[in-house]
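Report on the following structure.
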Amino acid sequence: NQVGDGVTIIDATGKYVMPGGIDPHTHLAMEFMGTETIDDFFSGQAAALAGGTTMHIDFVIPVNGNLTAGFEAYVEKAKISAMDYGFHMAITKWDEAVSKDMEVMVKDKGINSFKFFMAYKGSLMINDDLLLEGFKKCKSLGALAMVHAENGDAVFEGQKRMIELGIMGPEGHALSRPPQLEGEATGRAIRLAGFVNTPLYVVHVMSIDAMEEVAKARKSGQKVIGEPVVSGLVLDDTVLWDSDFQTAAKFVMSPPIRAPGHGKALQAALSNGVLQLVGTDHCTFNSTQKSLGIDDFRKIPNGVNGLEERMHLVWDTMVVSGQISVTDFVRMTSTECARIFNIYPRKGAILVGSDADIIILNPNSSFEICSKSHHSRSDTNVYEGRKGKGKVEVTIAGGRVVWENDELKAVPGRGKYVKMRPFNYLFDGIEKADAEYLSSLRAPVIRRTMHVAA
Ligand SMILES: NC(=O)NCCC(=O)O
Ligand SMILES: [Zn+2]
C-alpha cells in the first residue's frame, strides 16, 4: 500500500518502509568552547544509522575565518564517514577573501548554505553589518542564508548580570539568555533578509517568541524556513535547576531549552506548517567536558545529543499522539530537508534513480533510550530513560543493510560527500520580485541646480 505522496509504504506486517532520515543540523568533530565534540564523523554517524538517519549536513567552521582551510580540515575529519553527508559553512568574519571563497564553496565545493551566528560574542558572533553583506552574497550565489538567532550582546549582558548575582550554575545559562533575546534576533534576521530579498533558514527555533516571528514572516509571504530541534520539542528547562551539576549541565545548549509550554507550542507549529523540518543540532560533550563549567555556567560547552533519537522521538511525540500523519513525518524528517538543500530526489525519496537510503519502522515495537547502549561516545544522554512506540528496525544506507536486529554494521570510509547545488526552490520568483520592486520605485526627482552669485 502506498500512503501519502508516494514516499511511504506499508508492507503486509504493518511496518513502514520509508526514506532514511536526513538531519539538516549536526556538529561532529567540532572544536568549540575550548574543547572538541566527543562524537566524530564515525561515532556520530553510527548513532545516526542506528536511529534511522542515513544522511546529515554538518557545519564547517572556518579556520581563523578562512573558508578554504576550514573546508579542507572538514574533508579530513569526514574521511571516516560511514554514511553520506553534506556541508554547510559558517561565516565568522568579512573581507574580500571570504566573499571570493564563498563563490568557490558554492561553485566548486558543493556547499549551498552559509550560517551566521548572531550569538557567541568574542568567538563566532557577527554583527548586522556582516549579516547584510553575507545575505547579499548568499543571494547572488543562490545559497541559503542560515542564522543562529540570539542577541549576542544582550546575552553577554545577561551573563554578567547572573555572575554579579552569584548565580554560577547551569540555571544561569537559561536565565541569562531568555526567549525575548531569541525572538529579537529572529525578527531582526528576518527583516534584514526581507530587506535584501533573500530566503532565510532559522536554525534551532527554541521558543514561542522566535516561532511567532517565523509565523508572521511566512504569513506575509516571506521565504523563511523554521527548524525546531528534537530537544526543543520534547524537553523543558526545569532540569537546569537540578541540584546535581552533571545532571543539569548535560542539558546546556544554545538557545537554551525553554520553560514548559514552549515545546508544545513548537510541536503545534510543526503540525500546522509554521515550522517545516526537524533537526538535532547534535553537538555532544561528555561529563568531563561539561565539567569545564563546574564553577561558571559560561564555560559549560554548549550542546546536546539527538542523532540516534530524532526519528524515534518525533514519531512517538508527533505521529503516535496524532499531531501529524506518517506522510508528514517523512516530509519533516527527510524529504523537506532534501528539497531545501537541493538534493531531492537523489535523497529524501524512494524512487528509481534515488540513492537506496531506506528504513523500516515498526509502529508496534518500542524503544528505550539509554546512555549505556546508545552509539554516541558521550557518557550521558539528555533523553535517558525515555520509552516510546515506533522503532527503526532496519536501516539501509546506499543499498547496504547497516542496522538490523539491533546490530550495527557501519563501516568507516563508506560514506560519500554529497555536493549540493545552489538556487533551491525558495529562489523561484526572487528575480521577478526584485524587478517589480525596482519598477515600483517612484521616478527620481530632477532638481534644478541653483547658481548663487558670489
Ligand atoms: N547549539 C549548541 O548549543 N551547540 C552547537 C553550536 C550551535 O549551533 O550553537
Ligand atoms: Zn546554533
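All residue names refer to the C-alpha cells as shown: chains lettered A, B, ... in order, residues numbered from 1 in each chain, ligands numbered from 1 in order.
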
Can you check which parts of chain A lie within 8 Å of ligand 1? Per residue, the shortest pair of atoms and distance in Å to one decimal, counting only C-alpha atoms and all ligand atoms, sorted by chain and number, as a Markdown table.
| residue | atom | partner | partner_atom_place_in_ligand_line | distance |
| --- | --- | --- | --- | --- |
| A:Thr26 | CA | ligand 1 | 5 (C) | 8.0 |
| A:His27 | CA | ligand 1 | 5 (C) | 6.5 |
| A:Phe32 | CA | ligand 1 | 6 (C) | 7.8 |
| A:Phe117 | CA | ligand 1 | 9 (O) | 7.6 |
| A:His148 | CA | ligand 1 | 9 (O) | 6.5 |
| A:Val203 | CA | ligand 1 | 8 (O) | 7.9 |
| A:His204 | CA | ligand 1 | 1 (N) | 7.5 |
| A:Val252 | CA | ligand 1 | 3 (O) | 6.8 |
| A:Met253 | CA | ligand 1 | 3 (O) | 3.3 |
| A:Ser254 | CA | ligand 1 | 3 (O) | 3.9 |
| A:Pro255 | CA | ligand 1 | 1 (N) | 6.4 |
| A:Pro256 | CA | ligand 1 | 3 (O) | 7.5 |
| A:Asp281 | CA | ligand 1 | 1 (N) | 5.9 |
| A:His282 | CA | ligand 1 | 5 (C) | 7.3 |
| A:Cys283 | CA | ligand 1 | 5 (C) | 5.4 |
| A:Pro301 | CA | ligand 1 | 3 (O) | 7.5 |
| A:Asn302 | CA | ligand 1 | 3 (O) | 3.8 |
| A:Gly303 | CA | ligand 1 | 3 (O) | 3.7 |
| A:Val304 | CA | ligand 1 | 3 (O) | 6.8 |

As a tab-separated table (two decimals) with C-alpha atoms, in the first residue's frame, please: the residues near Pro199 (chain A) (cut-off 8 Å, only C-alpha atoms, same-chain neighbours under 2 positions excluded).
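And here is the file that came out, selection38.tsv:
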chain	number	residue	atom	x	y	z
A	139	LYS	CA	21.53	35.85	-2.68
A	144	LEU	CA	20.68	29.74	1.53
A	145	ALA	CA	21.43	32.06	4.46
A	193	ALA	CA	16.69	39.03	4.85
A	194	GLY	CA	13.41	40.63	3.73
A	197	ASN	CA	15.01	39.82	-0.51
A	201	TYR	CA	16.59	29.46	7.28
A	222	GLN	CA	8.41	35.99	3.06
A	223	LYS	CA	10.54	32.94	2.30
A	224	VAL	CA	11.55	31.84	5.78
A	426	LEU	CA	13.00	29.13	-2.40
A	427	PHE	CA	14.78	31.24	-5.01

Long-range neighbours of Leu175 (chain A) as a ChimeraX atom specification, 8 Å cut-off, only C-alpha atoms, 3 positions minimum in chain: /A:158,162,171-172,178

Convert the current residue selection to file output with N, CA and C atoms, as an mmCIF file, in the first residue's frame.
data_model
loop_
_atom_site.group_PDB
_atom_site.id
_atom_site.type_symbol
_atom_site.label_atom_id
_atom_site.label_comp_id
_atom_site.auth_asym_id
_atom_site.auth_seq_id
_atom_site.Cartn_x
_atom_site.Cartn_y
_atom_site.Cartn_z
ATOM 1 N N GLY A 158 23.390 39.668 29.935
ATOM 2 C CA GLY A 158 22.637 38.760 30.822
ATOM 3 C C GLY A 158 23.567 37.874 31.630
ATOM 4 N N MET A 162 24.010 37.656 35.798
ATOM 5 C CA MET A 162 23.916 36.429 36.614
ATOM 6 C C MET A 162 25.147 36.273 37.509
ATOM 7 N N GLU A 171 21.646 26.810 35.770
ATOM 8 C CA GLU A 171 20.399 27.587 35.646
ATOM 9 C C GLU A 171 20.705 29.007 35.147
ATOM 10 N N GLY A 172 21.929 29.478 35.436
ATOM 11 C CA GLY A 172 22.341 30.808 34.961
ATOM 12 C C GLY A 172 22.337 30.872 33.437
ATOM 13 N N PRO A 178 17.126 34.740 27.883
ATOM 14 C CA PRO A 178 15.689 34.440 27.845
ATOM 15 C C PRO A 178 15.116 34.477 26.428
#

Test item, strand (DSSP E) assignment across region 351-446 of chain A, answer as an NGL selection string: :A and (358-368 or 387-397 or 400-404 or 407-408)

Contact residues around region 310-315 of chain A with only C-alpha atoms at 10 Å, ignoring same-chain residues under 2 positions, as a count of residues only: 51

Separation of CA of His88 (chain A) from CA of Ile190 (chain A), in Å and rounded to one decimal: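 It comes out at 19.5 Å.
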
Who sits within 10 Å of Lys160 (chain A), only C-alpha atoms, same chain under 6 positions skipped, as an NGL selection string: :A and (154 or 166-167 or 176 or 298)

Once you have the residues from the selection above, write them out as a tab-separated table (two decimals), in the first residue's frame, restricted to N, CA and C atoms.
chain	number	residue	atom	x	y	z
A	154	ALA	N	23.19	41.20	24.13
A	154	ALA	CA	22.31	41.14	25.30
A	154	ALA	C	22.58	39.87	26.12
A	166	GLY	N	25.72	36.20	41.63
A	166	GLY	CA	26.28	34.99	42.25
A	166	GLY	C	25.66	33.71	41.72
A	167	ILE	N	24.94	33.81	40.60
A	167	ILE	CA	24.35	32.60	40.01
A	167	ILE	C	25.37	32.02	39.04
A	176	SER	N	20.22	33.80	31.69
A	176	SER	CA	20.97	34.87	31.03
A	176	SER	C	20.58	35.09	29.57
A	298	ARG	N	29.14	29.81	32.11
A	298	ARG	CA	29.56	30.33	30.80
A	298	ARG	C	30.59	29.43	30.13

Leu124 (chain A): which residues within 9 Å, counting only C-alpha atoms, same-chain residues fewer than 6 positions away excluded, as a short mmCIF file (atom, residue, chain, number, x, y, z; two decimals) with N, CA and C atoms, in the first residue's frame?
data_model
loop_
_atom_site.label_atom_id
_atom_site.label_comp_id
_atom_site.auth_asym_id
_atom_site.auth_seq_id
_atom_site.Cartn_x
_atom_site.Cartn_y
_atom_site.Cartn_z
N ALA A 90 29.97 28.01 8.16
CA ALA A 90 29.74 29.22 8.98
C ALA A 90 30.58 30.37 8.41
N ILE A 91 30.07 31.58 8.53
CA ILE A 91 30.83 32.77 8.13
C ILE A 91 31.09 33.55 9.42
N THR A 92 32.37 33.71 9.77
CA THR A 92 32.69 34.30 11.07
C THR A 92 33.41 35.64 10.96
N LYS A 93 33.80 36.01 9.74
CA LYS A 93 34.37 37.35 9.54
C LYS A 93 34.07 37.78 8.10
N PHE A 116 25.20 32.15 9.86
CA PHE A 116 25.68 33.34 10.55
C PHE A 116 25.26 33.23 12.02
N PHE A 117 26.26 33.29 12.90
CA PHE A 117 25.98 33.21 14.34
C PHE A 117 25.74 34.62 14.87
N MET A 118 24.55 34.87 15.38
CA MET A 118 24.26 36.19 15.97
C MET A 118 24.58 36.19 17.47
#

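Candidate residues A:Lys137, A:Lys432, A:Arg346, A:Arg188 were compared for distance to Trp94 (chain A), and the nearest is A:Lys137, using only C-alpha atoms.
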
Option closest in space to Gly110 (chain A), from A:Gly169, A:Gly34, A:Gly86, A:Gly142 [counting only C-alpha atoms]: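 Ranked by minimum distance to Gly110 (chain A), first place goes to A:Gly86.
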
Go through region 25-71 of chain A residue by residue and, counting only C-alpha atoms, keep those with an atom at most 8 Å from region 403-423 of chain A; for each kept residue give the shortest atom pair and its distance in Å to one decimal, ordered by chain and increasing number, as CSV.
residue,atom,partner,partner_atom,distance
A:Phe42,CA,A:Pro412,CA,6.4
A:Ala46,CA,A:Ala410,CA,6.2
A:Leu49,CA,A:Trp403,CA,6.7
A:Ala50,CA,A:Trp403,CA,5.9

Take the residues just selected and output them with N, CA and C atoms as a CSV table (one decimal), in the first residue's frame.
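Final output, saved to part09.csv:
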chain,number,residue,atom,x,y,z
A,42,PHE,N,32.6,9.3,12.6
A,42,PHE,CA,32.2,7.9,12.7
A,42,PHE,C,31.2,7.7,13.8
A,46,ALA,N,27.4,6.5,13.4
A,46,ALA,CA,27.0,5.2,13.9
A,46,ALA,C,25.6,5.4,14.7
A,49,LEU,N,22.8,6.1,12.1
A,49,LEU,CA,22.3,4.9,11.4
A,49,LEU,C,21.5,4.0,12.3
A,50,ALA,N,21.9,3.9,13.6
A,50,ALA,CA,21.1,3.1,14.5
A,50,ALA,C,19.7,3.7,14.8

Counting only C-alpha atoms, the residue of A:Gln159, A:Thr284, A:Gln180, A:Ser140 that sits nearest Val196 (chain A):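 Residue with the minimum atom-to-atom distance to Val196 (chain A): A:Ser140.
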
Those in region 98-217 of chain A with helix (DSSP H, G or I) from DSSP, as number ranges by chain: A: 98-107, 128-141, 152-164, 171-176, 179-196, 208-217
